[in-house]
Every structure is written in structure tokens, then in C-alpha cells.
Amino acid sequence: MENLKAIAADLLQWYTINKRTLPWRENNAPYSVWLSEIILQQTRINQGLSYYLRFLEKYPTITHFANASEDDILKLWQGLGYYSRARNMHHTAQNIVNQHHENFPKNYSELLKFKGVGEYTAAAIASISFNLPHAVVDGNVYRVLSRLFAISTPIDTTEGKKTFKELANQLIDKDYPGDYNQAIMEFGALQCTPRNPDCDSCPFRNRCVARQTNLVDQFPVKVGKQKIKHRYFNYLLIDAGQKTFLNKRTKSDIWKNLYEFPVIETDHKAEVTELEEGLLKFFSNLDFEINGISPWHKQVLSHQHIHYRFIHIRTCYKKNMLSSLIKVNKKDIFNFAVPKPIERELERLNW
DNA sequence: AAACCGTGGCG
DNA sequence: TCGCCAAGGTT
């Protein structure tokens with residue numbers, strides 16, 4: 001135990017010297033801490049930083065956030081990925097404003113009940129905003145602790161999660177839980193990095209078991225990765241004069257509640273003739289002609305590869321046509337939150 | 001419990 | 001190039 005206290009103290013000391021100046025470290029108010037934690041989930045600081053600043057500027061309080069529409073939240077979130085984070089945050093903001101008098105509950109178990117707030121985020125808010133001794137366990141913590149103690153329990157198993165959470169909660173400095181949590185994460189991000197960690201200047205170079213046994217690159221241990229699913233999206237870029245058509249993805253699937261061009265999904269790179277049935281579903285007896293077809297592109301998601309292309313279709317605009325879709329003026333299309341493939345195509349089209 | 005859910009940078 | 005993985009959470 002004395003050993004653990006020394007490690008926590010060394011982490012805190014390392015942090016005071018090496019911590020970066022970041023906007024969410026300027027104050028510990030729960031709303032801004034929460035916002036930063038959600039944005040930074042599975043996301044690098046450089047990628048999330050500008051989003052954090054824009055959200056805080058547009059929605060300076062949780063009440064501003066809660067009063068926004070979901071479409072507006074998603075539009076500001078566009079490009080960040082994992083869009084359920086935005087939807088869940090919005091839901092929780094409204095919950096806190098309406099059911100909790102705009103105040104976050106000041107304990108871990110209540111925080112954990114909110115949508116989009118898991119063990120990590122609950123511990124982060126509890127420790128940073130309310131000085132409560134709950135240890136965060138994120139990718140950095142897994143890496144640092146697995147190396148320091150040469151723990152070979154796979155981190156992506158139930159047993160692994162339990163093991164590392166218990167160890168992290170033994171290690172936490174109960175006087176400075178927020179700083180301690182940020183210290184171990186910052187240490188993992190800057191010193192004990194996934195590849196080429198800086199072991200030579202590491203304050204634990206004489207205590208790290210992985211280092212002593214020359215096995216640093218063997219930790220953390222993981223059991224395996226899931227298989228990648230391939231999908232094929234034939235987007236219909238409909239040219240109806242000034243207008244085109246969009247579809248809102250409402251099902252439980254990727255990009256939920258974002259907008260896109262109407263799509264015919266196939267299970268392979270289909271020939272155009274194979275799309276006839278799909279086209280008929282949209283156009284039935286309307287006249288249209290295929291004006292051109294883009295090459296295939298690929299969007300890599302964490303667990304799927306989306307192969308997509310654009311079928312350019314020209315048709316005469318008729319009132320009430322394609323009523324299952326959203327009719328929009330081409331120039332208004334930038335008001336909609338769209339996934340990356342659509343965003344890139346809109347830039348290319350230069351509408 | 002295992003799948004699902006984005007995007008970008010890095011070596 | 002391509003697999004890894006980044007302040008995870010939900011179903």
C-alpha cells in the first residue's frame with residue numbers, strides 16, 4: 001500500500017510539471033467538465049478541441065444546451081462521430097434542467113444514471129467537479145497500470161475491467177481525486193504512450209515491471225478485434241431543378257438522425273441494372289434519367305466499411321413527388337447535419 | 001457478452 | 001498501406 005501511495009504522489013508531481021494548458025482545465029464547473037468528457041470519449045484532443053469551444057460559445061450554460069433543438073446540436077456535432085453522444089447529452093441536459101433544477105447531482109451513483117454517462121464519465125465529473133474519490137479507467141489508465149504492474153489480464157473482458165477498476169480505486173489520491181485522475185490520463189497521453197513510450201525519462205523507470213522485463217510493448221493485453229462488415233451505399237443525387245431530396249436516418253443504425261441522400265443499399269458493388277428495383281421504389285412511374293455515376297469511395301468506421309458512390313439522376317420536378325423524402329433547395333442543404341461521405345460530396349459539388 | 005456506434009492521425 | 005487506437009457507452 002505504501003508503494004501505491006508513492007506512485008500516486010509521483011503521478012501528481014509529474015502532472016504539476018507536465019500538464020498541458022487546456023480550456024476545460026480553466027474551471028471545474030460540472031457542465032463544462034461534462035461537455036469536455038463527452039467530446040473527448042474515443043476522440044483525440046486535437047480533434048475535439050474546436051468543437052468544445054464552439055459548443056461552449058453557442059451554449060454557455062446547460063440551459064442553453066437543453067433548449068436547443070436536436071437538429072441544431074447534431075449540426076454542431078457534425079464531423080465528430082459517435083453521434084449518440086450528442087443525442088444522449090441533449091436528452092440528459094433536458095433531464096437535468098427539468099428534473100434537477102439545472103444542477104448536477106453531487107454523487108457518483110446519481111451521475112451514473114444519466115444517459116450517455118458511464119462509469120468513466122461519472123467518475124470524471126464526481127472527482128473533477130465535486131472532489132469525490134472515484135477513479136477513472138480509460139484507455140490511458142489501462143495502459144499505464146498494465147505496464148506498471150505487468151498485468152496480463154485482457155482489458156477488453158469483464159474480468160479485466162473489474163481488475164483495473166479496483167486497482168485504480170486503490171491508487172487514487174483521496175485528497176486530490178480530480179488532479180490524480182487527470183494526472184494518470186495525461187501521463188498515459190504524453191509519457192506512457194501506446195507506441196514508443198518515453199521510458200528513459202519516466203519517473204517509474206525503476207519500478208515499472210514491464211520495463212524491467214523489457215515487455216513494455218506487450219501491454220496492455222487485449223483478446224481480439226471484431227470482424228469488419230462491408231456495406232454498399234448507392235446514393236441518389238437527384239437533380240430536380242433547384243431542388244434535391246434528402247433522407248433522415250431514423251433507424252438504429254449508423255449515423256442515426258443525420259441526413260443523407262436517398263440511398264439504395266446493396267450487399268456488393270452492384271451493377272446499375274441491379275438497382276432497378278430500388279429505383280422503382282423511389283420513382284415508381286416518374287420519369288428520370290441517370291446522368292452519371294461516381295466511382296466507389298470508402299468510409300472507414302470502427303466496425304464497418306461503407307463503400308459508397310453517387311448516382312446522378314435528373315428528373316422533372318413535380319409537386320408532391322417522392323413524398324417519403326425531404327424536399328430541399330440545393331442551397332439549403334448545408335443546414336442539415338450530414339455524415340462525412342455526404343459532407344465531402346457537398347464540398348466537391350460546390351453547391 | 002458481444003455487437004454496435006465515427007472519424008482522424010500515426011508509424 | 002493499413003491496422004491501431006483515441007479522456008467510452010448502450011443494447
# chains A, B, ... in the order shown; residues from 1 in each chain; ligands from 1

call {"tool": "residues_around", "arguments": {"residues": "C:DT10", "least_positions_apart": "3", "cutoff": "10 Å", "atoms": "only C-alpha atoms (C1' of nucleotides)", "output": "ChimeraX atom specification"}}
result
/A:84,115-116,118 /B:4-5

call {"tool": "write_last_selection", "arguments": {"atoms": "N, CA and C atoms (P, O5', C5', C4', C3', O3' and C1' of nucleotides)", "output": "PDB file, in the first residue's frame"}}
result
ATOM      1  N   SER A  84     -24.442   9.358 -31.162  1.00  0.00           N
ATOM      2  CA  SER A  84     -25.288   9.090 -29.997  1.00  0.00           C
ATOM      3  C   SER A  84     -24.812   9.905 -28.789  1.00  0.00           C
ATOM      4  N   LYS A 115     -28.270   9.253 -19.164  1.00  0.00           N
ATOM      5  CA  LYS A 115     -27.969   8.705 -20.484  1.00  0.00           C
ATOM      6  C   LYS A 115     -26.647   9.256 -20.991  1.00  0.00           C
ATOM      7  N   GLY A 116     -25.819   8.360 -21.475  1.00  0.00           N
ATOM      8  CA  GLY A 116     -24.541   8.762 -22.043  1.00  0.00           C
ATOM      9  C   GLY A 116     -23.453   8.948 -21.007  1.00  0.00           C
ATOM     10  N   GLY A 118     -21.391   6.949 -18.439  1.00  0.00           N
ATOM     11  CA  GLY A 118     -20.996   5.633 -17.936  1.00  0.00           C
ATOM     12  C   GLY A 118     -20.056   5.778 -16.762  1.00  0.00           C
TER      13      GLY A 118
ATOM     14  P    DC B   4     -22.329  -6.048 -35.261  1.00  0.00           P
ATOM     15  O5'  DC B   4     -22.726  -4.626 -34.678  1.00  0.00           O
ATOM     16  C5'  DC B   4     -24.073  -4.393 -34.230  1.00  0.00           C
ATOM     17  C4'  DC B   4     -24.144  -3.032 -33.582  1.00  0.00           C
ATOM     18  C3'  DC B   4     -23.635  -1.885 -34.474  1.00  0.00           C
ATOM     19  O3'  DC B   4     -24.661  -0.949 -34.652  1.00  0.00           O
ATOM     20  C1'  DC B   4     -22.755  -1.731 -32.295  1.00  0.00           C
ATOM     21  P    DC B   5     -24.499   0.089 -35.860  1.00  0.00           P
ATOM     22  O5'  DC B   5     -23.796   1.340 -35.168  1.00  0.00           O
ATOM     23  C5'  DC B   5     -24.563   2.137 -34.265  1.00  0.00           C
ATOM     24  C4'  DC B   5     -23.686   3.172 -33.633  1.00  0.00           C
ATOM     25  C3'  DC B   5     -22.818   3.958 -34.627  1.00  0.00           C
ATOM     26  O3'  DC B   5     -23.017   5.350 -34.450  1.00  0.00           O
ATOM     27  C1'  DC B   5     -21.562   3.261 -32.776  1.00  0.00           C
TER      28       DC B   5
END

call {"tool": "residues_around", "arguments": {"residues": "A:Thr163", "least_positions_apart": "2", "cutoff": "12 Å", "atoms": "only C-alpha atoms (C1' of nucleotides)", "output": "PyMOL selection string"}}
result
chain A and resi 137+141-142+145-146+149+151-161+165-170

call {"tool": "select_by_dssp", "arguments": {"residues": "stretch 58-150 of chain A", "states": "helix (DSSP H, G or I)", "output": "ChimeraX atom specification"}}
result
/A:58,62-67,70-77,84-99,108-112,119-130,139-149

call {"tool": "write_last_selection", "arguments": {"atoms": "C-alpha atoms", "output": "tab-separated table (two decimals), in the first residue's frame"}}
result
chain	number	residue	atom	x	y	z
A	58	LYS	CA	-23.08	28.72	-28.58
A	62	ILE	CA	-26.71	23.68	-19.67
A	63	THR	CA	-30.00	25.51	-20.05
A	64	HIS	CA	-28.94	26.93	-23.40
A	65	PHE	CA	-27.91	23.43	-24.40
A	66	ALA	CA	-31.17	21.87	-23.26
A	67	ASN	CA	-33.27	24.47	-25.05
A	70	GLU	CA	-31.64	18.11	-31.59
A	71	ASP	CA	-31.04	19.10	-35.22
A	72	ASP	CA	-29.01	22.11	-34.07
A	73	ILE	CA	-26.99	20.02	-31.62
A	74	LEU	CA	-26.25	17.43	-34.28
A	75	LYS	CA	-25.32	20.12	-36.77
A	76	LEU	CA	-22.70	21.50	-34.39
A	77	TRP	CA	-21.54	17.94	-33.67
A	84	SER	CA	-25.29	9.09	-30.00
A	85	ARG	CA	-23.05	11.10	-27.67
A	86	ALA	CA	-24.76	14.29	-28.87
A	87	ARG	CA	-28.25	12.82	-28.73
A	88	ASN	CA	-27.71	11.41	-25.25
A	89	MET	CA	-26.17	14.65	-24.00
A	90	HIS	CA	-29.13	16.59	-25.25
A	91	HIS	CA	-31.53	14.21	-23.53
A	92	THR	CA	-29.59	14.40	-20.28
A	93	ALA	CA	-29.32	18.19	-20.40
A	94	GLN	CA	-33.09	18.44	-20.61
A	95	ASN	CA	-33.39	15.94	-17.77
A	96	ILE	CA	-31.06	17.97	-15.54
A	97	VAL	CA	-32.74	21.27	-16.36
A	98	ASN	CA	-36.27	19.98	-15.91
A	99	GLN	CA	-35.92	17.39	-13.15
A	108	TYR	CA	-21.36	9.14	-8.44
A	109	SER	CA	-24.35	6.81	-8.47
A	110	GLU	CA	-26.79	9.55	-9.45
A	111	LEU	CA	-24.49	10.75	-12.21
A	112	LEU	CA	-24.24	7.19	-13.50
A	119	GLU	CA	-18.52	4.72	-15.22
A	120	TYR	CA	-15.73	6.75	-16.76
A	121	THR	CA	-17.69	9.98	-17.17
A	122	ALA	CA	-19.42	9.67	-13.80
A	123	ALA	CA	-16.05	9.25	-12.10
A	124	ALA	CA	-14.59	12.17	-14.05
A	125	ILE	CA	-17.36	14.59	-13.10
A	126	ALA	CA	-17.52	13.35	-9.49
A	127	SER	CA	-13.78	13.75	-8.99
A	128	ILE	CA	-13.04	16.90	-11.00
A	129	SER	CA	-16.17	18.89	-10.18
A	130	PHE	CA	-17.08	17.56	-6.73
A	139	GLY	CA	-7.54	3.70	-22.31
A	140	ASN	CA	-4.67	5.58	-20.68
A	141	VAL	CA	-5.30	4.05	-17.27
A	142	TYR	CA	-5.42	0.54	-18.69
A	143	ARG	CA	-2.11	1.09	-20.43
A	144	VAL	CA	-0.28	2.76	-17.54
A	145	LEU	CA	-1.41	0.29	-14.88
A	146	SER	CA	-0.96	-2.82	-17.03
A	147	ARG	CA	2.63	-1.80	-17.74
A	148	LEU	CA	3.48	-0.60	-14.26
A	149	PHE	CA	2.38	-3.90	-12.69

call {"tool": "atom_distance", "arguments": {"atom1": "atom CA of A:Asn320", "atom2": "atom CA of A:Thr266"}}
result
27.4 Å

call {"tool": "interface_residues", "arguments": {"of": "chain A", "to": "chain C", "cutoff": "7 Å", "atoms": "only C-alpha atoms (C1' of nucleotides)", "output": "list in words"}}
result
Glu37, Leu40, Gln41, Gln42, Thr43, Arg44, Gly116, Gly118, Asp138 and Met185 of chain A

call {"tool": "write_last_selection", "arguments": {"atoms": "N, CA and C atoms", "output": "tab-separated table (two decimals), in the first residue's frame"}}
result
chain	number	residue	atom	x	y	z
A	37	GLU	N	-15.74	15.90	-21.30
A	37	GLU	CA	-15.59	14.45	-21.18
A	37	GLU	C	-16.35	13.70	-22.27
A	40	LEU	N	-14.49	14.18	-25.58
A	40	LEU	CA	-13.18	13.51	-25.65
A	40	LEU	C	-13.28	12.00	-25.60
A	41	GLN	N	-14.50	11.44	-25.48
A	41	GLN	CA	-14.63	9.99	-25.50
A	41	GLN	C	-14.15	9.45	-26.85
A	42	GLN	N	-13.18	8.58	-26.82
A	42	GLN	CA	-12.66	7.94	-28.04
A	42	GLN	C	-12.23	8.97	-29.07
A	43	THR	N	-11.82	10.13	-28.61
A	43	THR	CA	-11.54	11.24	-29.52
A	43	THR	C	-10.28	11.96	-29.05
A	44	ARG	N	-9.40	12.27	-29.97
A	44	ARG	CA	-8.16	12.96	-29.59
A	44	ARG	C	-8.43	14.42	-29.31
A	116	GLY	N	-25.82	8.36	-21.48
A	116	GLY	CA	-24.54	8.76	-22.04
A	116	GLY	C	-23.45	8.95	-21.01
A	118	GLY	N	-21.39	6.95	-18.44
A	118	GLY	CA	-21.00	5.63	-17.94
A	118	GLY	C	-20.06	5.78	-16.76
A	138	ASP	N	-9.81	4.74	-18.19
A	138	ASP	CA	-9.93	4.91	-19.64
A	138	ASP	C	-8.76	4.17	-20.30
A	185	MET	N	-4.17	10.12	-16.66
A	185	MET	CA	-4.54	10.16	-18.08
A	185	MET	C	-3.53	10.98	-18.88

call {"tool": "interface_residues", "arguments": {"of": "chain A", "to": "chain B", "cutoff": "8 Å", "atoms": "only C-alpha atoms (C1' of nucleotides)", "output": "compact mmCIF listing (two decimals) with N, CA and C atoms, in the first residue's frame"}}
result
# COMPACT_ATOMS: atom_id res chain seq x y z
N GLN A 47 -8.70 16.77 -32.16
CA GLN A 47 -9.91 16.65 -32.94
C GLN A 47 -11.10 17.29 -32.23
N GLY A 79 -19.31 15.78 -37.94
CA GLY A 79 -17.91 15.52 -38.20
C GLY A 79 -17.16 14.91 -37.03
N LEU A 80 -17.75 14.95 -35.84
CA LEU A 80 -17.07 14.42 -34.65
C LEU A 80 -17.23 12.92 -34.51
N GLY A 81 -18.32 12.38 -35.07
CA GLY A 81 -18.54 10.95 -34.96
C GLY A 81 -19.24 10.54 -33.68
N TYR A 82 -19.60 9.28 -33.60
CA TYR A 82 -20.33 8.74 -32.44
C TYR A 82 -21.46 9.69 -32.04
N TYR A 83 -22.41 9.83 -32.96
CA TYR A 83 -23.43 10.86 -32.80
C TYR A 83 -24.40 10.60 -31.65
N SER A 84 -24.44 9.36 -31.16
CA SER A 84 -25.29 9.09 -30.00
C SER A 84 -24.81 9.90 -28.79
N ILE A 254 -26.01 3.14 -38.12
CA ILE A 254 -25.02 4.22 -38.13
C ILE A 254 -25.68 5.54 -38.50
N LEU A 301 -15.46 3.07 -40.79
CA LEU A 301 -15.99 3.26 -39.44
C LEU A 301 -15.27 2.30 -38.50
N SER A 302 -15.57 2.35 -37.24
CA SER A 302 -14.86 1.49 -36.30
C SER A 302 -15.12 0.02 -36.58
N HIS A 303 -16.28 -0.30 -37.07
CA HIS A 303 -16.67 -1.71 -37.21
C HIS A 303 -17.30 -2.00 -38.55

call {"tool": "residues_around", "arguments": {"residues": "A:Leu35", "least_positions_apart": "5", "cutoff": "9 Å", "atoms": "only C-alpha atoms (C1' of nucleotides)", "output": "list in words"}}
result
Trp24, Pro30, Leu40, Tyr52, Phe55, Leu56 and Met89 of chain A

call {"tool": "closest_residue", "arguments": {"among": "A:Lys256, A:Lys227, A:His268, A:His297", "to": "A:Gln78", "atoms": "only C-alpha atoms"}}
result
A:Lys256

call {"tool": "atom_distance", "arguments": {"atom1": "atom CA of A:Thr61", "atom2": "atom CA of A:Arg25"}}
result
16.8 Å

call {"tool": "atom_distance", "arguments": {"atom1": "atom CA of A:Pro341", "atom2": "atom CA of A:Tyr308"}}
result
7.9 Å

call {"tool": "residues_around", "arguments": {"residues": "A:Leu258", "least_positions_apart": "3", "cutoff": "6 Å", "atoms": "only C-alpha atoms (C1' of nucleotides)", "output": "count of residues only"}}
result
5

call {"tool": "select_by_dssp", "arguments": {"residues": "stretch 182-303 of chain A", "states": "strand (DSSP E or B)", "output": "PyMOL selection string"}}
result
chain A and resi 229-240+243-248+259-260+263-266+289-293+297-300

call {"tool": "residues_around", "arguments": {"residues": "A:Glu343", "least_positions_apart": "3", "cutoff": "12 Å", "atoms": "only C-alpha atoms (C1' of nucleotides)", "output": "PyMOL selection string"}}
result
chain A and resi 75+78-79+258-261+299+333-340+346-351
